[in-house]
Amino acid sequence: MDIPFNDAEQKQLCRLALEARDQAYAPYSHHPVGAVLRTENGQIFSGCNVENAAHPLGQCAEASAIGAMVRAGERRITDVFVVGPGPHACTPCGGCRQKLWEFSDANTRVHLCVDDRVERIVTLGELLPAAFGRADVERDP
Ligand code: THU
């Protein structure tokens with residue numbers, strides 16, 4: 001895999017995800033999550049989950065980071081870093097895979113962090129095979 005940053009930078013991005021995670025508002029699940037996006041222009045955005053007393057209204061970390069990215073005018077994600085609590089890698093939920101797909105492609109790397117190290121890298125294509133996307137909506141009927 002041709003990753004556009006070195007080990008130290010990768011660790012730094014895990015740490016940024018940890019910082020985001022530590023700002024999570026997760027009083028109901030007690031499952032804080034942090035996410036970092038790197039765009040094709042090398043810009044970096046982070047987000048955390050934001051829960052709500054009306055539980056279905058909670059927002060995932062990835063969605064928060066996507067909001068920040070779109071606000072900044074960026075549209076293409078090359079890398080995602082996700083970190084949850086504890087010693088297990090936290091993979092993006094199904095809804096977030098779809099939200100990420102909107103601004104990604106099958107080669108977008110998803111770095112699953114545990115603390116400040118990457119435990120595993122998977123592609124979004126592996127996480128969301130046969131994805132439904134913009135082209136499916138815009139294709140002629
Ligand atoms: N969560 C995320 O923020 N991202 C994911 O991809 C998985 C789940 C959050 C949602 C909820 O606030 C908590 O983790 C437990 O599901």
# chains A, B, ... in the order shown; residues from 1 in each chain; ligands from 1
call {"tool": "closest_atom_pairs", "arguments": {"of": "chain A", "to": "ligand 1", "cutoff": "7 Å", "atoms": "only C-alpha atoms and all ligand atoms", "output": "JSON lines"}}
result
{"residue": "A:Ala26", "atom": "CA", "partner": "ligand 1", "partner_atom_place_in_ligand_line": "12 (O)", "distance": 5.7}
{"residue": "A:Ser29", "atom": "CA", "partner": "ligand 1", "partner_atom_place_in_ligand_line": "15 (C)", "distance": 5.2}
{"residue": "A:His31", "atom": "CA", "partner": "ligand 1", "partner_atom_place_in_ligand_line": "13 (C)", "distance": 5.0}
{"residue": "A:Pro32", "atom": "CA", "partner": "ligand 1", "partner_atom_place_in_ligand_line": "14 (O)", "distance": 6.0}
{"residue": "A:Val33", "atom": "CA", "partner": "ligand 1", "partner_atom_place_in_ligand_line": "3 (O)", "distance": 4.8}
{"residue": "A:Gly34", "atom": "CA", "partner": "ligand 1", "partner_atom_place_in_ligand_line": "3 (O)", "distance": 6.9}
{"residue": "A:Cys48", "atom": "CA", "partner": "ligand 1", "partner_atom_place_in_ligand_line": "3 (O)", "distance": 6.3}
{"residue": "A:Asn49", "atom": "CA", "partner": "ligand 1", "partner_atom_place_in_ligand_line": "3 (O)", "distance": 4.4}
{"residue": "A:Val50", "atom": "CA", "partner": "ligand 1", "partner_atom_place_in_ligand_line": "12 (O)", "distance": 6.2}
{"residue": "A:Glu51", "atom": "CA", "partner": "ligand 1", "partner_atom_place_in_ligand_line": "12 (O)", "distance": 5.3}
{"residue": "A:Gly58", "atom": "CA", "partner": "ligand 1", "partner_atom_place_in_ligand_line": "12 (O)", "distance": 6.0}
{"residue": "A:Gln59", "atom": "CA", "partner": "ligand 1", "partner_atom_place_in_ligand_line": "10 (C)", "distance": 6.4}
{"residue": "A:Cys60", "atom": "CA", "partner": "ligand 1", "partner_atom_place_in_ligand_line": "3 (O)", "distance": 3.3}
{"residue": "A:Ala61", "atom": "CA", "partner": "ligand 1", "partner_atom_place_in_ligand_line": "3 (O)", "distance": 3.9}
{"residue": "A:Glu62", "atom": "CA", "partner": "ligand 1", "partner_atom_place_in_ligand_line": "4 (N)", "distance": 6.0}
{"residue": "A:Cys90", "atom": "CA", "partner": "ligand 1", "partner_atom_place_in_ligand_line": "7 (C)", "distance": 6.8}
{"residue": "A:Thr91", "atom": "CA", "partner": "ligand 1", "partner_atom_place_in_ligand_line": "6 (O)", "distance": 5.9}
{"residue": "A:Pro92", "atom": "CA", "partner": "ligand 1", "partner_atom_place_in_ligand_line": "6 (O)", "distance": 3.2}
{"residue": "A:Cys93", "atom": "CA", "partner": "ligand 1", "partner_atom_place_in_ligand_line": "6 (O)", "distance": 3.9}
{"residue": "A:Cys96", "atom": "CA", "partner": "ligand 1", "partner_atom_place_in_ligand_line": "6 (O)", "distance": 5.7}
call {"tool": "select_by_dssp", "arguments": {"residues": "stretch 2-134 of chain A", "states": "helix (DSSP H, G or I)", "output": "PyMOL selection string"}}
result
chain A and resi 7-21+55-57+61-71+94-101+124-127+134
call {"tool": "closest_residue", "arguments": {"among": "A:Arg21, A:Arg71, A:Arg97, A:His55", "to": "A:Ala35", "atoms": "only C-alpha atoms"}}
result
A:Arg21
call {"tool": "residues_around", "arguments": {"residues": "A:Val114", "least_positions_apart": "5", "cutoff": "10 Å", "atoms": "only C-alpha atoms", "output": "NGL selection string"}}
result
:A and (14 or 18 or 82-90 or 119-120)
call {"tool": "write_last_selection", "arguments": {"atoms": "all heavy atoms", "output": "PDB file, in the first residue's frame"}}
result
ATOM      1  N   CYS A  14      -2.845   9.350  14.430  1.00  0.00           N
ATOM      2  CA  CYS A  14      -3.513   8.567  15.492  1.00  0.00           C
ATOM      3  C   CYS A  14      -3.699   9.438  16.722  1.00  0.00           C
ATOM      4  O   CYS A  14      -4.752   9.408  17.364  1.00  0.00           O
ATOM      5  CB  CYS A  14      -2.672   7.362  15.899  1.00  0.00           C
ATOM      6  SG  CYS A  14      -2.635   6.024  14.734  1.00  0.00           S
ATOM      7  N   LEU A  18      -6.988  10.513  18.767  1.00  0.00           N
ATOM      8  CA  LEU A  18      -7.149  10.338  20.227  1.00  0.00           C
ATOM      9  C   LEU A  18      -7.608  11.637  20.877  1.00  0.00           C
ATOM     10  O   LEU A  18      -8.478  11.630  21.759  1.00  0.00           O
ATOM     11  CB  LEU A  18      -5.818   9.921  20.863  1.00  0.00           C
ATOM     12  CG  LEU A  18      -5.386   8.467  20.695  1.00  0.00           C
ATOM     13  CD1 LEU A  18      -3.949   8.300  21.188  1.00  0.00           C
ATOM     14  CD2 LEU A  18      -6.317   7.534  21.457  1.00  0.00           C
ATOM     15  N   VAL A  82      -9.424   6.020  12.698  1.00  0.00           N
ATOM     16  CA  VAL A  82     -10.511   5.885  13.678  1.00  0.00           C
ATOM     17  C   VAL A  82      -9.948   5.269  14.946  1.00  0.00           C
ATOM     18  O   VAL A  82      -9.175   4.301  14.892  1.00  0.00           O
ATOM     19  CB  VAL A  82     -11.649   4.979  13.145  1.00  0.00           C
ATOM     20  CG1 VAL A  82     -12.822   4.972  14.125  1.00  0.00           C
ATOM     21  CG2 VAL A  82     -12.127   5.438  11.784  1.00  0.00           C
ATOM     22  N   VAL A  83     -10.345   5.841  16.086  1.00  0.00           N
ATOM     23  CA  VAL A  83      -9.940   5.245  17.359  1.00  0.00           C
ATOM     24  C   VAL A  83     -11.120   5.271  18.323  1.00  0.00           C
ATOM     25  O   VAL A  83     -11.842   6.264  18.416  1.00  0.00           O
ATOM     26  CB  VAL A  83      -8.694   5.953  17.948  1.00  0.00           C
ATOM     27  CG1 VAL A  83      -8.981   7.377  18.401  1.00  0.00           C
ATOM     28  CG2 VAL A  83      -8.107   5.140  19.091  1.00  0.00           C
ATOM     29  N   GLY A  84     -11.323   4.134  18.971  1.00  0.00           N
ATOM     30  CA  GLY A  84     -12.359   4.050  19.993  1.00  0.00           C
ATOM     31  C   GLY A  84     -11.709   3.924  21.355  1.00  0.00           C
ATOM     32  O   GLY A  84     -10.511   4.143  21.506  1.00  0.00           O
ATOM     33  N   PRO A  85     -12.507   3.570  22.354  1.00  0.00           N
ATOM     34  CA  PRO A  85     -11.936   3.388  23.686  1.00  0.00           C
ATOM     35  C   PRO A  85     -11.300   1.996  23.789  1.00  0.00           C
ATOM     36  O   PRO A  85     -11.607   1.119  22.987  1.00  0.00           O
ATOM     37  CB  PRO A  85     -13.162   3.485  24.592  1.00  0.00           C
ATOM     38  CG  PRO A  85     -14.267   2.942  23.743  1.00  0.00           C
ATOM     39  CD  PRO A  85     -13.949   3.333  22.322  1.00  0.00           C
ATOM     40  N   GLY A  86     -10.429   1.813  24.742  1.00  0.00           N
ATOM     41  CA  GLY A  86      -9.947   0.464  25.048  1.00  0.00           C
ATOM     42  C   GLY A  86      -9.001  -0.106  24.020  1.00  0.00           C
ATOM     43  O   GLY A  86      -8.564   0.581  23.094  1.00  0.00           O
ATOM     44  N   PRO A  87      -8.710  -1.387  24.185  1.00  0.00           N
ATOM     45  CA  PRO A  87      -7.630  -2.031  23.418  1.00  0.00           C
ATOM     46  C   PRO A  87      -8.060  -2.649  22.094  1.00  0.00           C
ATOM     47  O   PRO A  87      -7.258  -3.343  21.466  1.00  0.00           O
ATOM     48  CB  PRO A  87      -7.152  -3.119  24.388  1.00  0.00           C
ATOM     49  CG  PRO A  87      -8.376  -3.493  25.153  1.00  0.00           C
ATOM     50  CD  PRO A  87      -9.229  -2.262  25.243  1.00  0.00           C
ATOM     51  N   HIS A  88      -9.319  -2.430  21.701  1.00  0.00           N
ATOM     52  CA  HIS A  88      -9.782  -3.058  20.462  1.00  0.00           C
ATOM     53  C   HIS A  88      -9.987  -2.023  19.365  1.00  0.00           C
ATOM     54  O   HIS A  88     -10.498  -0.937  19.620  1.00  0.00           O
ATOM     55  CB  HIS A  88     -11.079  -3.821  20.696  1.00  0.00           C
ATOM     56  CG  HIS A  88     -10.966  -4.839  21.803  1.00  0.00           C
ATOM     57  ND1 HIS A  88     -10.173  -5.955  21.688  1.00  0.00           N
ATOM     58  CD2 HIS A  88     -11.504  -4.871  23.037  1.00  0.00           C
ATOM     59  CE1 HIS A  88     -10.229  -6.648  22.811  1.00  0.00           C
ATOM     60  NE2 HIS A  88     -11.031  -6.001  23.655  1.00  0.00           N
ATOM     61  N   ALA A  89      -9.614  -2.388  18.155  1.00  0.00           N
ATOM     62  CA  ALA A  89      -9.822  -1.489  17.018  1.00  0.00           C
ATOM     63  C   ALA A  89     -11.319  -1.288  16.815  1.00  0.00           C
ATOM     64  O   ALA A  89     -12.111  -2.212  16.989  1.00  0.00           O
ATOM     65  CB  ALA A  89      -9.196  -2.097  15.768  1.00  0.00           C
ATOM     66  N   CYS A  90     -11.674  -0.052  16.469  1.00  0.00           N
ATOM     67  CA  CYS A  90     -13.080   0.307  16.259  1.00  0.00           C
ATOM     68  C   CYS A  90     -13.272   0.541  14.764  1.00  0.00           C
ATOM     69  O   CYS A  90     -12.709   1.484  14.201  1.00  0.00           O
ATOM     70  CB  CYS A  90     -13.365   1.586  17.057  1.00  0.00           C
ATOM     71  SG  CYS A  90     -14.985   2.301  16.803  1.00  0.00           S
ATOM     72  N   GLU A 119      -3.327  -0.404  14.175  1.00  0.00           N
ATOM     73  CA  GLU A 119      -3.349  -1.860  14.328  1.00  0.00           C
ATOM     74  C   GLU A 119      -3.546  -2.551  12.992  1.00  0.00           C
ATOM     75  O   GLU A 119      -2.982  -3.604  12.733  1.00  0.00           O
ATOM     76  CB  GLU A 119      -4.463  -2.265  15.291  1.00  0.00           C
ATOM     77  CG  GLU A 119      -4.433  -3.748  15.603  1.00  0.00           C
ATOM     78  CD  GLU A 119      -5.472  -4.135  16.625  1.00  0.00           C
ATOM     79  OE1 GLU A 119      -5.187  -3.987  17.817  1.00  0.00           O
ATOM     80  OE2 GLU A 119      -6.558  -4.579  16.210  1.00  0.00           O
ATOM     81  N   ARG A 120      -4.332  -1.914  12.137  1.00  0.00           N
ATOM     82  CA  ARG A 120      -4.672  -2.548  10.852  1.00  0.00           C
ATOM     83  C   ARG A 120      -5.094  -1.474   9.869  1.00  0.00           C
ATOM     84  O   ARG A 120      -5.695  -0.477  10.270  1.00  0.00           O
ATOM     85  CB  ARG A 120      -5.846  -3.487  11.102  1.00  0.00           C
ATOM     86  CG  ARG A 120      -5.978  -4.610  10.131  1.00  0.00           C
ATOM     87  CD  ARG A 120      -7.079  -5.543  10.601  1.00  0.00           C
ATOM     88  NE  ARG A 120      -7.873  -5.939   9.444  1.00  0.00           N
ATOM     89  CZ  ARG A 120      -9.156  -6.240   9.486  1.00  0.00           C
ATOM     90  NH1 ARG A 120      -9.816  -6.184  10.611  1.00  0.00           N
ATOM     91  NH2 ARG A 120      -9.778  -6.591   8.390  1.00  0.00           N
TER      92      ARG A 120
END
call {"tool": "closest_residue", "arguments": {"among": "A:Asn6, A:Thr39, A:Thr78, A:Gln98", "to": "A:Ala130", "atoms": "only C-alpha atoms"}}
result
A:Gln98
call {"tool": "atom_distance", "arguments": {"atom1": "atom CA of A:Leu57", "atom2": "atom CA of A:Phe45"}}
result
22.1 Å
call {"tool": "residues_around", "arguments": {"residues": "A:Val118", "least_positions_apart": "6", "cutoff": "8 Å", "atoms": "only C-alpha atoms", "output": "PyMOL selection string"}}
result
chain A and resi 10-11+14+111-112
call {"tool": "atom_distance", "arguments": {"atom1": "atom CA of A:Asp105", "atom2": "atom CA of A:Gly47"}}
result
20.4 Å
call {"tool": "select_by_dssp", "arguments": {"residues": "chain A", "states": "strand (DSSP E or B)", "output": "PyMOL selection string"}}
result
chain A and resi 25+34-39+44-48+50+59+77-83+109-114+117-123
call {"tool": "closest_residue", "arguments": {"among": "A:Thr108, A:Thr123, A:Ser64, A:Gln43", "to": "A:Tyr25", "atoms": "only C-alpha atoms"}}
result
A:Ser64
